[in-house]
$ cat query_21.pdb   # PDB, C-alpha atoms
ATOM      1  CA  MET A   1     -52.474 -82.404-185.321
ATOM      2  CA  GLU A   2     -54.608 -85.490-185.878
ATOM      3  CA  GLU A   3     -57.723 -85.387-187.974
ATOM      4  CA  GLN A   4     -59.797 -86.486-185.022
ATOM      5  CA  ASN A   5     -58.948 -83.404-182.989
ATOM      6  CA  LYS A   6     -59.669 -81.189-185.915
ATOM      7  CA  LYS A   7     -63.083 -82.715-186.323
ATOM      8  CA  GLU A   8     -63.750 -82.182-182.641
ATOM      9  CA  TYR A   9     -62.929 -78.475-182.917
ATOM     10  CA  LEU A  10     -65.123 -78.134-185.981
ATOM     11  CA  ASP A  11     -67.986 -79.803-184.144
ATOM     12  CA  SER A  12     -67.517 -77.400-181.239
ATOM     13  CA  LEU A  13     -67.641 -74.406-183.521
ATOM     14  CA  ASN A  14     -70.750 -75.679-185.269
ATOM     15  CA  GLU A  15     -72.463 -76.337-181.977
ATOM     16  CA  ILE A  16     -71.600 -72.831-180.769
ATOM     17  CA  ARG A  17     -72.992 -71.304-183.947
ATOM     18  CA  SER A  18     -76.208 -73.293-183.773
ATOM     19  CA  LEU A  19     -76.731 -72.505-180.072
ATOM     20  CA  MET A  20     -76.172 -68.818-180.681
ATOM     21  CA  GLU A  21     -78.772 -68.788-183.414
ATOM     22  CA  LYS A  22     -81.276 -71.035-181.633
ATOM     23  CA  SER A  23     -81.095 -69.031-178.414
ATOM     24  CA  SER A  24     -81.452 -65.596-179.953
ATOM     25  CA  ARG A  25     -83.830 -66.148-182.861
ATOM     26  CA  PHE A  26     -87.314 -67.585-183.130
ATOM     27  CA  LEU A  27     -86.856 -69.951-186.049
ATOM     28  CA  SER A  28     -90.057 -71.969-185.915
ATOM     29  CA  LEU A  29     -91.994 -69.284-187.766
ATOM     30  CA  SER A  30     -93.429 -71.085-190.788
ATOM     31  CA  GLY A  31     -93.731 -69.647-194.280
ATOM     32  CA  LEU A  32     -97.114 -71.327-194.577
ATOM     33  CA  SER A  33     -98.511 -68.948-191.961
ATOM     34  CA  GLY A  34     -97.638 -66.140-194.388
ATOM     35  CA  VAL A  35     -99.558 -67.914-197.138
ATOM     36  CA  VAL A  36    -102.604 -68.334-194.858
ATOM     37  CA  ALA A  37    -102.429 -64.674-193.803
ATOM     38  CA  GLY A  38    -102.293 -63.606-197.458
ATOM     39  CA  LEU A  39    -105.239 -65.775-198.488
ATOM     40  CA  THR A  40    -107.285 -64.563-195.499
ATOM     41  CA  ALA A  41    -106.551 -60.936-196.385
ATOM     42  CA  ILE A  42    -107.701 -61.512-199.951
ATOM     43  CA  ALA A  43    -110.862 -63.262-198.689
ATOM     44  CA  GLY A  44    -111.514 -60.285-196.384
ATOM     45  CA  ALA A  45    -111.084 -57.933-199.323
ATOM     46  CA  ALA A  46    -113.448 -60.065-201.416
ATOM     47  CA  LEU A  47    -116.043 -59.777-198.659
ATOM     48  CA  ALA A  48    -115.664 -55.991-198.723
ATOM     49  CA  TYR A  49    -115.940 -56.105-202.512
ATOM     50  CA  TYR A  50    -119.359 -57.757-202.263
ATOM     51  CA  TYR A  51    -120.519 -55.598-199.344
ATOM     52  CA  PHE A  52    -119.856 -52.436-201.345
ATOM     53  CA  ASN A  53    -121.178 -53.913-204.607
ATOM     54  CA  GLY A  54    -117.791 -54.025-206.269
ATOM     55  CA  LYS A  55    -117.069 -50.336-205.748
ATOM     56  CA  ILE A  56    -113.968 -50.721-203.564
ATOM     57  CA  PHE A  57    -111.568 -50.506-206.502
ATOM     58  CA  GLU A  58    -113.057 -47.308-207.823
ATOM     59  CA  GLN A  59    -110.771 -44.335-207.357
ATOM     60  CA  ASN A  60    -113.473 -42.300-205.639
ATOM     61  CA  PHE A  61    -114.728 -45.116-203.419
ATOM     62  CA  ILE A  62    -113.517 -43.601-200.190
ATOM     63  CA  TYR A  63    -114.624 -40.072-201.071
ATOM     64  CA  ASP A  64    -118.072 -41.346-202.066
ATOM     65  CA  LEU A  65    -118.217 -43.258-198.812
ATOM     66  CA  LEU A  66    -117.362 -40.117-196.845
ATOM     67  CA  ARG A  67    -120.107 -38.205-198.639
ATOM     68  CA  SER A  68    -122.726 -40.824-197.736
ATOM     69  CA  ASP A  69    -125.086 -40.087-194.830
ATOM     70  CA  TYR A  70    -124.011 -40.627-191.261
ATOM     71  CA  LEU A  71    -125.826 -43.938-190.704
ATOM     72  CA  GLU A  72    -124.445 -45.474-193.854
ATOM     73  CA  LEU A  73    -120.982 -44.211-193.029
ATOM     74  CA  THR A  74    -120.976 -45.686-189.507
ATOM     75  CA  ASN A  75    -122.342 -48.964-190.891
ATOM     76  CA  SER A  76    -119.590 -49.063-193.476
ATOM     77  CA  ILE A  77    -116.898 -48.357-190.885
ATOM     78  CA  THR A  78    -118.326 -51.006-188.562
ATOM     79  CA  PHE A  79    -118.319 -53.513-191.401
ATOM     80  CA  LEU A  80    -114.730 -52.705-192.372
ATOM     81  CA  LEU A  81    -113.516 -52.970-188.776
ATOM     82  CA  THR A  82    -115.306 -56.287-188.191
ATOM     83  CA  ASP A  83    -113.957 -57.615-191.461
ATOM     84  CA  ALA A  84    -110.417 -56.544-190.528
ATOM     85  CA  ILE A  85    -110.657 -58.083-187.051
ATOM     86  CA  PHE A  86    -111.805 -61.428-188.494
ATOM     87  CA  VAL A  87    -108.957 -61.386-191.015
ATOM     88  CA  LEU A  88    -106.526 -60.699-188.176
ATOM     89  CA  ILE A  89    -107.890 -63.502-185.957
ATOM     90  CA  ILE A  90    -107.813 -66.118-188.727
ATOM     91  CA  ALA A  91    -104.314 -65.027-189.805
ATOM     92  CA  ILE A  92    -103.060 -65.302-186.211
ATOM     93  CA  MET A  93    -104.657 -68.736-185.796
ATOM     94  CA  GLY A  94    -102.990 -69.857-189.021
ATOM     95  CA  ALA A  95     -99.639 -68.557-187.812
ATOM     96  CA  ILE A  96     -99.993 -70.387-184.475
ATOM     97  CA  TYR A  97    -101.013 -73.636-186.166
ATOM     98  CA  PHE A  98     -98.223 -73.762-188.747
ATOM     99  CA  THR A  99     -95.615 -72.544-186.272
ATOM    100  CA  ASN A 100     -96.528 -75.323-183.852
ATOM    101  CA  ARG A 101     -96.372 -77.809-186.680
ATOM    102  CA  LYS A 102     -92.938 -76.644-187.786
ATOM    103  CA  ALA A 103     -91.624 -76.698-184.210
ATOM    104  CA  GLN A 104     -92.866 -80.252-183.779
ATOM    105  CA  LYS A 105     -91.127 -81.293-186.994
ATOM    106  CA  ASP A 106     -87.879 -79.665-185.832
ATOM    107  CA  GLU A 107     -88.380 -81.076-182.329
ATOM    108  CA  ALA A 108     -87.965 -77.548-181.002
ATOM    109  CA  LYS A 109     -89.737 -75.857-178.150
ATOM    110  CA  VAL A 110     -92.170 -73.267-179.522
ATOM    111  CA  TRP A 111     -92.741 -70.943-176.620
ATOM    112  CA  ASP A 112     -89.161 -70.091-175.712
ATOM    113  CA  LEU A 113     -87.518 -66.802-174.859
ATOM    114  CA  ALA A 114     -86.841 -65.947-178.514
ATOM    115  CA  ALA A 115     -90.520 -66.510-179.355
ATOM    116  CA  LYS A 116     -91.589 -64.209-176.528
ATOM    117  CA  ARG A 117     -89.153 -61.519-177.664
ATOM    118  CA  THR A 118     -90.385 -61.806-181.246
ATOM    119  CA  LEU A 119     -93.988 -61.476-180.147
ATOM    120  CA  ILE A 120     -93.415 -58.502-177.843
ATOM    121  CA  ASN A 121     -91.395 -56.654-180.467
ATOM    122  CA  LEU A 122     -94.013 -57.382-183.108
ATOM    123  CA  ALA A 123     -96.862 -56.379-180.810
ATOM    124  CA  ILE A 124     -95.618 -52.930-179.776
ATOM    125  CA  PRO A 125     -95.787 -51.249-183.225
ATOM    126  CA  LEU A 126     -98.726 -53.450-184.248
ATOM    127  CA  VAL A 127    -100.954 -52.540-181.288
ATOM    128  CA  THR A 128     -99.938 -48.898-181.670
ATOM    129  CA  GLY A 129    -100.947 -49.071-185.334
ATOM    130  CA  GLY A 130    -104.226 -50.799-184.495
ATOM    131  CA  LEU A 131    -105.153 -48.143-181.943
ATOM    132  CA  PHE A 132    -104.055 -45.395-184.300
ATOM    133  CA  SER A 133    -106.321 -46.844-187.012
ATOM    134  CA  LEU A 134    -109.220 -46.751-184.550
ATOM    135  CA  VAL A 135    -108.383 -43.117-183.861
ATOM    136  CA  LEU A 136    -108.434 -42.439-187.615
ATOM    137  CA  ALA A 137    -111.822 -44.145-187.849
ATOM    138  CA  TYR A 138    -113.070 -42.073-184.900
ATOM    139  CA  HIS A 139    -112.062 -38.876-186.715
ATOM    140  CA  LEU A 140    -113.588 -40.273-189.939
ATOM    141  CA  GLN A 141    -110.180 -40.164-191.631
ATOM    142  CA  ILE A 142    -110.828 -43.531-193.192
ATOM    143  CA  SER A 143    -108.797 -42.865-196.314
ATOM    144  CA  LEU A 144    -105.667 -43.099-194.161
ATOM    145  CA  ILE A 145    -106.555 -46.364-192.393
ATOM    146  CA  ALA A 146    -105.257 -48.678-195.127
ATOM    147  CA  PRO A 147    -101.928 -46.806-195.431
ATOM    148  CA  ALA A 148    -101.583 -46.644-191.625
ATOM    149  CA  THR A 149    -102.079 -50.401-191.205
ATOM    150  CA  LEU A 150     -99.471 -51.075-193.917
ATOM    151  CA  ILE A 151     -96.920 -48.699-192.403
ATOM    152  CA  PHE A 152     -97.296 -49.877-188.801
ATOM    153  CA  TYR A 153     -97.307 -53.519-189.862
ATOM    154  CA  GLY A 154     -94.093 -52.945-191.811
ATOM    155  CA  LEU A 155     -92.497 -51.308-188.761
ATOM    156  CA  ALA A 156     -93.648 -54.220-186.600
ATOM    157  CA  LEU A 157     -92.029 -56.732-188.965
ATOM    158  CA  ILE A 158     -88.753 -54.807-189.030
ATOM    159  CA  ASN A 159     -88.777 -54.600-185.243
ATOM    160  CA  ALA A 160     -89.478 -58.327-184.872
ATOM    161  CA  GLY A 161     -86.888 -59.189-187.528
ATOM    162  CA  LYS A 162     -84.131 -58.854-184.954
ATOM    163  CA  TYR A 163     -85.507 -61.863-183.105
ATOM    164  CA  THR A 164     -86.738 -64.185-185.829
ATOM    165  CA  VAL A 165     -85.920 -65.141-189.440
ATOM    166  CA  LYS A 166     -84.059 -62.139-190.875
ATOM    167  CA  ASP A 167     -85.949 -62.198-194.175
ATOM    168  CA  ILE A 168     -89.021 -60.796-192.462
ATOM    169  CA  ARG A 169     -87.320 -57.378-192.497
ATOM    170  CA  TYR A 170     -87.492 -57.215-196.295
ATOM    171  CA  LEU A 171     -91.207 -57.907-196.158
ATOM    172  CA  GLY A 172     -91.463 -55.091-193.599
ATOM    173  CA  ILE A 173     -89.636 -52.627-195.861
ATOM    174  CA  LEU A 174     -91.935 -53.468-198.775
ATOM    175  CA  GLU A 175     -95.029 -52.978-196.584
ATOM    176  CA  ILE A 176     -93.793 -49.537-195.499
ATOM    177  CA  ILE A 177     -93.123 -48.485-199.107
ATOM    178  CA  LEU A 178     -96.623 -49.604-200.117
ATOM    179  CA  GLY A 179     -98.079 -47.787-197.099
ATOM    180  CA  LEU A 180     -96.317 -44.546-198.000
ATOM    181  CA  ILE A 181     -97.460 -44.783-201.618
ATOM    182  CA  ALA A 182    -100.984 -45.507-200.379
ATOM    183  CA  SER A 183    -100.971 -42.458-198.117
ATOM    184  CA  PHE A 184    -100.326 -40.214-201.123
ATOM    185  CA  PHE A 185    -102.677 -41.968-203.523
ATOM    186  CA  THR A 186    -105.515 -42.662-201.090
ATOM    187  CA  GLY A 187    -107.784 -43.675-203.960
ATOM    188  CA  TYR A 188    -105.650 -46.767-204.422
ATOM    189  CA  GLY A 189    -105.526 -47.540-200.684
ATOM    190  CA  LEU A 190    -107.503 -50.760-200.834
ATOM    191  CA  ILE A 191    -105.692 -52.119-203.876
ATOM    192  CA  LEU A 192    -102.340 -51.437-202.221
ATOM    193  CA  TRP A 193    -103.664 -52.977-199.004
ATOM    194  CA  ILE A 194    -104.556 -56.149-200.903
ATOM    195  CA  ILE A 195    -101.114 -56.187-202.532
ATOM    196  CA  GLY A 196     -99.398 -55.658-199.140
ATOM    197  CA  PHE A 197    -101.378 -57.981-196.922
ATOM    198  CA  GLY A 198    -102.503 -60.462-199.559
ATOM    199  CA  ILE A 199    -100.106 -60.916-202.418
ATOM    200  CA  LEU A 200     -96.848 -60.012-200.626
ATOM    201  CA  HIS A 201     -97.677 -62.400-197.772
ATOM    202  CA  ILE A 202     -98.342 -65.252-200.162
ATOM    203  CA  PHE A 203     -95.136 -64.623-202.118
ATOM    204  CA  TYR A 204     -93.066 -64.190-198.975
ATOM    205  CA  GLY A 205     -94.600 -67.308-197.405
ATOM    206  CA  ILE A 206     -93.850 -69.452-200.439
ATOM    207  CA  ILE A 207     -90.276 -68.141-200.666
ATOM    208  CA  MET A 208     -89.691 -68.861-196.959
ATOM    209  CA  TYR A 209     -91.223 -72.298-197.252
ATOM    210  CA  VAL A 210     -89.046 -73.224-200.221
ATOM    211  CA  LYS A 211     -85.925 -71.692-198.640
ATOM    212  CA  TYR A 212     -86.147 -73.141-195.126
ATOM    213  CA  GLU A 213     -88.792 -75.829-194.827
ATOM    214  CA  ARG A 214     -89.097 -77.975-197.923
ATOM    215  CA  ARG A 215     -86.999 -81.084-197.620
TER     216      ARG A 215
ATOM    217  CA  MET B   1     -39.262 -74.867-184.452
ATOM    218  CA  ALA B   2     -41.090 -71.646-185.321
ATOM    219  CA  GLN B   3     -44.073 -73.731-186.319
ATOM    220  CA  GLU B   4     -43.978 -75.515-182.962
ATOM    221  CA  ASN B   5     -43.864 -72.226-181.046
ATOM    222  CA  LYS B   6     -46.792 -70.905-182.993
ATOM    223  CA  MET B   7     -48.755 -74.016-182.132
ATOM    224  CA  LYS B   8     -47.879 -73.621-178.496
ATOM    225  CA  ASN B   9     -49.208 -70.064-178.529
ATOM    226  CA  ILE B  10     -52.483 -71.145-180.011
ATOM    227  CA  LEU B  11     -52.874 -73.973-177.539
ATOM    228  CA  GLU B  12     -52.352 -71.535-174.682
ATOM    229  CA  ASN B  13     -55.433 -69.706-175.842
ATOM    230  CA  ILE B  14     -57.532 -72.848-175.763
ATOM    231  CA  ASN B  15     -59.227 -72.203-172.486
ATOM    232  CA  LYS B  16     -59.505 -75.108-170.058
ATOM    233  CA  ALA B  17     -62.622 -73.532-168.578
ATOM    234  CA  PHE B  18     -64.397 -74.096-171.877
ATOM    235  CA  GLU B  19     -63.301 -77.662-172.544
ATOM    236  CA  ASN B  20     -66.636 -78.945-171.358
ATOM    237  CA  ARG B  21     -69.423 -78.850-173.945
ATOM    238  CA  ILE B  22     -72.014 -77.581-171.497
ATOM    239  CA  ARG B  23     -69.841 -74.661-170.374
ATOM    240  CA  LEU B  24     -69.157 -73.838-173.993
ATOM    241  CA  GLY B  25     -72.905 -73.947-174.592
ATOM    242  CA  ILE B  26     -73.711 -71.675-171.647
ATOM    243  CA  MET B  27     -71.163 -69.118-172.838
ATOM    244  CA  SER B  28     -72.417 -69.262-176.451
ATOM    245  CA  VAL B  29     -75.945 -68.501-175.309
ATOM    246  CA  LEU B  30     -74.868 -65.686-172.977
ATOM    247  CA  ILE B  31     -72.733 -64.027-175.666
ATOM    248  CA  VAL B  32     -75.694 -63.415-177.966
ATOM    249  CA  ASN B  33     -78.339 -62.828-175.280
ATOM    250  CA  ASP B  34     -78.087 -60.046-172.695
ATOM    251  CA  ASP B  35     -79.275 -62.458-170.046
ATOM    252  CA  MET B  36     -80.958 -65.824-169.717
ATOM    253  CA  ASP B  37     -82.813 -67.611-166.938
ATOM    254  CA  PHE B  38     -82.063 -71.081-165.637
ATOM    255  CA  ASN B  39     -84.958 -72.927-167.269
ATOM    256  CA  SER B  40     -84.416 -71.384-170.694
ATOM    257  CA  LEU B  41     -80.748 -72.386-170.506
ATOM    258  CA  LYS B  42     -81.737 -75.889-169.458
ATOM    259  CA  ASP B  43     -84.137 -76.250-172.402
ATOM    260  CA  LEU B  44     -81.630 -74.893-174.888
ATOM    261  CA  LEU B  45     -78.816 -77.161-173.765
ATOM    262  CA  GLY B  46     -80.926 -80.196-172.964
ATOM    263  CA  VAL B  47     -79.242 -80.940-169.630
ATOM    264  CA  THR B  48     -80.395 -81.822-166.110
ATOM    265  CA  ASP B  49     -80.792 -79.274-163.302
ATOM    266  CA  GLY B  50     -77.844 -80.545-161.320
ATOM    267  CA  ASN B  51     -75.531 -80.748-164.272
ATOM    268  CA  LEU B  52     -76.341 -77.210-165.393
ATOM    269  CA  ALA B  53     -76.061 -75.816-161.854
ATOM    270  CA  SER B  54     -72.572 -77.248-161.350
ATOM    271  CA  HIS B  55     -71.272 -75.843-164.638
ATOM    272  CA  ILE B  56     -72.852 -72.477-163.931
ATOM    273  CA  SER B  57     -71.126 -72.259-160.580
ATOM    274  CA  ALA B  58     -67.821 -73.288-162.192
ATOM    275  CA  LEU B  59     -68.115 -70.471-164.733
ATOM    276  CA  GLU B  60     -69.107 -68.097-161.956
ATOM    277  CA  LYS B  61     -65.920 -69.020-160.041
ATOM    278  CA  PHE B  62     -63.836 -68.201-163.116
ATOM    279  CA  GLY B  63     -65.561 -64.806-163.106
ATOM    280  CA  TYR B  64     -66.968 -65.452-166.565
ATOM    281  CA  ILE B  65     -70.624 -65.081-165.658
ATOM    282  CA  ASP B  66     -72.640 -63.042-163.187
ATOM    283  CA  VAL B  67     -75.583 -64.480-161.316
ATOM    284  CA  ILE B  68     -78.391 -61.968-160.857
ATOM    285  CA  LYS B  69     -81.032 -62.816-158.279
ATOM    286  CA  GLN B  70     -84.247 -60.831-158.442
ATOM    287  CA  PHE B  71     -87.877 -61.162-157.545
ATOM    288  CA  ILE B  72     -90.676 -60.872-160.071
ATOM    289  CA  GLY B  73     -93.585 -60.194-157.734
ATOM    290  CA  LYS B  74     -93.063 -62.833-155.091
ATOM    291  CA  LYS B  75     -91.362 -65.354-157.367
ATOM    292  CA  PRO B  76     -87.585 -65.544-157.257
ATOM    293  CA  ASN B  77     -86.058 -65.170-160.683
ATOM    294  CA  THR B  78     -82.390 -65.892-161.279
ATOM    295  CA  THR B  79     -80.767 -64.827-164.497
ATOM    296  CA  TYR B  80     -77.230 -65.181-165.807
ATOM    297  CA  LYS B  81     -75.095 -62.691-167.677
ATOM    298  CA  ALA B  82     -71.669 -63.018-169.304
ATOM    299  CA  THR B  83     -69.097 -60.689-167.731
ATOM    300  CA  SER B  84     -66.726 -58.689-169.913
ATOM    301  CA  ILE B  85     -63.874 -60.975-168.823
ATOM    302  CA  GLY B  86     -66.013 -63.945-169.809
ATOM    303  CA  LYS B  87     -66.809 -62.476-173.204
ATOM    304  CA  LYS B  88     -63.143 -61.748-173.857
ATOM    305  CA  ALA B  89     -62.053 -65.222-172.760
ATOM    306  CA  PHE B  90     -64.683 -66.834-174.929
ATOM    307  CA  GLN B  91     -63.634 -64.713-177.899
ATOM    308  CA  SER B  92     -59.985 -65.774-177.630
ATOM    309  CA  HIS B  93     -61.080 -69.376-177.192
ATOM    310  CA  LEU B  94     -63.084 -69.166-180.416
ATOM    311  CA  GLU B  95     -60.199 -67.557-182.278
ATOM    312  CA  ALA B  96     -57.863 -70.300-181.068
ATOM    313  CA  LEU B  97     -60.295 -72.975-182.241
ATOM    314  CA  GLU B  98     -60.514 -71.349-185.649
ATOM    315  CA  LYS B  99     -56.734 -71.095-185.949
ATOM    316  CA  LEU B 100     -56.315 -74.748-185.011
ATOM    317  CA  ILE B 101     -58.720 -75.765-187.719
ATOM    318  CA  ASN B 102     -57.240 -73.524-190.411
ATOM    319  CA  ASN B 103     -53.637 -74.340-189.499
ATOM    320  CA  ASN B 104     -53.972 -77.916-190.636
ATOM    321  CA  ASP B 105     -55.312 -77.394-194.115
TER     322      ASP B 105
END
$ encode --input "query_21.pdb" --output "structure tokens"
Amino acid sequence: MEEQNKKEYLDSLNEIRSLMEKSSRFLSLSGLSGVVAGLTAIAGAALAYYYFNGKIFEQNFIYDLLRSDYLELTNSITFLLTDAIFVLIIAIMGAIYFTNRKAQKDEAKVWDLAAKRTLINLAIPLVTGGLFSLVLAYHLQISLIAPATLIFYGLALINAGKYTVKDIRYLGILEIILGLIASFFTGYGLILWIIGFGILHIFYGIIMYVKYERR
Amino acid sequence: MAQENKMKNILENINKAFENRIRLGIMSVLIVNDDMDFNSLKDLLGVTDGNLASHISALEKFGYIDVIKQFIGKKPNTTYKATSIGKKAFQSHLEALEKLINNND
């Protein structure tokens, strides 16, 4: 068989492989959005640090908070929720911005079927976890909010990992492990939350950026 | 002679229905996705409406894909699915391609 034919077959196979991947996975997700999410989480934690006069890392922080009077407790919960919502909004905006930028660079369409699937599969555990955290706050079980957000976020990443860059699953597994540790050692909840949402995101984002985007 | 016969066998598995790049593309997408709508297919393959439509109907005639017409609310929504015959045919086509490439090393 001539070399030319062989090359043609190889090209066909490569095209098939690339189409299979492009059509089933959302590949425009940028590592930089992970870095932004991590930095935002740390900034949110810093804000909480100042709000509570540096007490958030103390082992008994949450128990002291629960023993405070009702007004102070509701104020604290309101602050924490607002803080968390701002962190979430900024992290999502960062993800949208860097994803758009990466898609433009790759000349890919951002909002395709794979992107929708990724988002839906991410959203189901994530929204469940968000509502569950509100329920925990309602029952004043605030020591379990940090672990719950870590666990549900980890599950969301694993669920979405089927439709986007595979590596996101490993991040999900690490978040779940941290969440489970945090649910036993509730005194360390906030530190583990900062590790999970801050430091892990930054590390993961940099690794993804170096692996797939730097050229 | 044995070598020639072997080659002939492989070539028989190279499916004429898939010789066109667009048909190959449609099948690749439908193998890894349960179903896909017309516009998503068009974007993925970067082809015109007419071109895609004609290759879809060709594959449908071979019995390799199913056309599913539904309504979402009042909007018609047509999606495409690979049939089990189509999946099998595509699989043997891929294996034949691989053999052709490896045979010549």
$ resolve_selection --input "query_21.pdb" --expression "the PyMOL selection byres ((chain B) within 10 of (chain A))" --output "PyMOL selection string"
chain B and resi 7+19+21+24-34+36-37+39-41+43-45+94+96-98+100-104
$ closest_residue --input "query_21.pdb" --among "A:Leu119, A:Met208, A:Ile199, A:Val135" --to "Leu157 (chain A)" --atoms "only C-alpha atoms"
A:Leu119
$ resolve_selection --input "query_21.pdb" --expression "the PyMOL selection byres ((chain B and resi 60-76) around 12)" --output "NGL selection string"
:B and (15-18 or 23-24 or 26-31 or 34-38 or 53-59 or 77-91)
$ closest_residue --input "query_21.pdb" --among "A:Leu122, A:Leu80, A:Gly130, A:Arg214" --to "Arg169 (chain A)" --atoms "all atoms listed in the file"
A:Leu122
$ closest_residue --input "query_21.pdb" --among "A:Thr149, A:Trp193, A:Ile142, A:Leu174" --to "Tyr63 (chain A)" --atoms "only C-alpha atoms"
A:Ile142
$ resolve_selection --input "query_21.pdb" --expression "the PyMOL selection byres ((chain A and resi 209-213) around 12)" --output "list in words"
Leu27, Ser28, Leu29, Ser30, Gly31, Leu32, Ser33, Gly34, Val35, Phe98, Thr99, Arg101, Lys102, Ala103, Lys105, Asp106, Val165, Lys166, Asp167, His201, Ile202, Phe203, Tyr204, Gly205, Ile206, Ile207, Met208, Arg214 and Arg215 of chain A
$ atom_distance --input "query_21.pdb" --atom1 "CA of Ala115 (chain A)" --atom2 "CA of Ala156 (chain A)"
14.6 Å
$ atom_distance --input "query_21.pdb" --atom1 "CA of Leu144 (chain A)" --atom2 "CA of Gly189 (chain A)"
7.9 Å
$ atom_distance --input "query_21.pdb" --atom1 "CA of Thr186 (chain A)" --atom2 "CA of Ile145 (chain A)"
9.5 Å
$ residues_around --input "query_21.pdb" --residues "Leu150 (chain A)" --least-positions-apart "2" --cutoff "12 Å" --atoms "all atoms listed in the file" --output "ChimeraX atom specification"
/A:125-126,129-130,133,144-148,152-157,171-183,189-198,200
$ axis_aligned_box --input "query_21.pdb" --around "region 190-198 of chain A" --padding-each-side "5 Å" --output "AutoDock Vina command-line options"
--center_x -103.5 --center_y -55.6 --center_z -200.4 --size_x 18.1 --size_y 19.7 --size_z 17.0
$ residues_around --input "query_21.pdb" --residues "region 86-92 of chain A" --least-positions-apart "4" --cutoff "8 Å" --atoms "all atoms listed in the file" --output "number ranges by chain"
A: 33, 36-37, 40-41, 44, 82, 96
$ decode --input "query_21.pdb" --residues "region 84-100 of chain B" --atoms "N, CA and C atoms" --output "PDB file, in the first residue's frame"
ATOM      1  N   SER B  84     -27.876   0.203  16.368  1.00  0.00           N
ATOM      2  CA  SER B  84     -26.871  -0.799  16.741  1.00  0.00           C
ATOM      3  C   SER B  84     -26.152  -1.326  15.505  1.00  0.00           C
ATOM      4  N   ILE B  85     -26.865  -1.406  14.379  1.00  0.00           N
ATOM      5  CA  ILE B  85     -26.188  -1.805  13.125  1.00  0.00           C
ATOM      6  C   ILE B  85     -25.128  -0.775  12.774  1.00  0.00           C
ATOM      7  N   GLY B  86     -25.490   0.492  12.917  1.00  0.00           N
ATOM      8  CA  GLY B  86     -24.565   1.580  12.597  1.00  0.00           C
ATOM      9  C   GLY B  86     -23.329   1.538  13.467  1.00  0.00           C
ATOM     10  N   LYS B  87     -23.543   1.290  14.760  1.00  0.00           N
ATOM     11  CA  LYS B  87     -22.405   1.229  15.684  1.00  0.00           C
ATOM     12  C   LYS B  87     -21.465   0.086  15.328  1.00  0.00           C
ATOM     13  N   LYS B  88     -22.079  -1.073  14.981  1.00  0.00           N
ATOM     14  CA  LYS B  88     -21.284  -2.239  14.624  1.00  0.00           C
ATOM     15  C   LYS B  88     -20.490  -1.980  13.343  1.00  0.00           C
ATOM     16  N   ALA B  89     -21.172  -1.399  12.349  1.00  0.00           N
ATOM     17  CA  ALA B  89     -20.516  -1.121  11.071  1.00  0.00           C
ATOM     18  C   ALA B  89     -19.356  -0.150  11.254  1.00  0.00           C
ATOM     19  N   PHE B  90     -19.589   0.846  12.090  1.00  0.00           N
ATOM     20  CA  PHE B  90     -18.550   1.841  12.329  1.00  0.00           C
ATOM     21  C   PHE B  90     -17.348   1.201  13.030  1.00  0.00           C
ATOM     22  N   GLN B  91     -17.655   0.330  13.992  1.00  0.00           N
ATOM     23  CA  GLN B  91     -16.606  -0.377  14.721  1.00  0.00           C
ATOM     24  C   GLN B  91     -15.726  -1.192  13.772  1.00  0.00           C
ATOM     25  N   SER B  92     -16.362  -1.961  12.874  1.00  0.00           N
ATOM     26  CA  SER B  92     -15.538  -2.773  11.958  1.00  0.00           C
ATOM     27  C   SER B  92     -14.763  -1.887  10.995  1.00  0.00           C
ATOM     28  N   HIS B  93     -15.359  -0.755  10.631  1.00  0.00           N
ATOM     29  CA  HIS B  93     -14.649   0.183   9.758  1.00  0.00           C
ATOM     30  C   HIS B  93     -13.384   0.699  10.447  1.00  0.00           C
ATOM     31  N   LEU B  94     -13.540   1.056  11.723  1.00  0.00           N
ATOM     32  CA  LEU B  94     -12.386   1.547  12.493  1.00  0.00           C
ATOM     33  C   LEU B  94     -11.304   0.475  12.610  1.00  0.00           C
ATOM     34  N   GLU B  95     -11.743  -0.751  12.911  1.00  0.00           N
ATOM     35  CA  GLU B  95     -10.765  -1.837  13.043  1.00  0.00           C
ATOM     36  C   GLU B  95     -10.022  -2.057  11.737  1.00  0.00           C
ATOM     37  N   ALA B  96     -10.744  -1.982  10.624  1.00  0.00           N
ATOM     38  CA  ALA B  96     -10.115  -2.153   9.311  1.00  0.00           C
ATOM     39  C   ALA B  96      -9.093  -1.051   9.056  1.00  0.00           C
ATOM     40  N   LEU B  97      -9.464   0.179   9.413  1.00  0.00           N
ATOM     41  CA  LEU B  97      -8.522   1.297   9.233  1.00  0.00           C
ATOM     42  C   LEU B  97      -7.246   1.046  10.039  1.00  0.00           C
ATOM     43  N   GLU B  98      -7.433   0.620  11.278  1.00  0.00           N
ATOM     44  CA  GLU B  98      -6.281   0.380  12.139  1.00  0.00           C
ATOM     45  C   GLU B  98      -5.381  -0.712  11.569  1.00  0.00           C
ATOM     46  N   LYS B  99      -6.018  -1.792  11.084  1.00  0.00           N
ATOM     47  CA  LYS B  99      -5.242  -2.894  10.515  1.00  0.00           C
ATOM     48  C   LYS B  99      -4.459  -2.434   9.296  1.00  0.00           C
ATOM     49  N   LEU B 100      -5.093  -1.630   8.455  1.00  0.00           N
ATOM     50  CA  LEU B 100      -4.416  -1.131   7.258  1.00  0.00           C
ATOM     51  C   LEU B 100      -3.174  -0.335   7.622  1.00  0.00           C
TER      52      LEU B 100
END
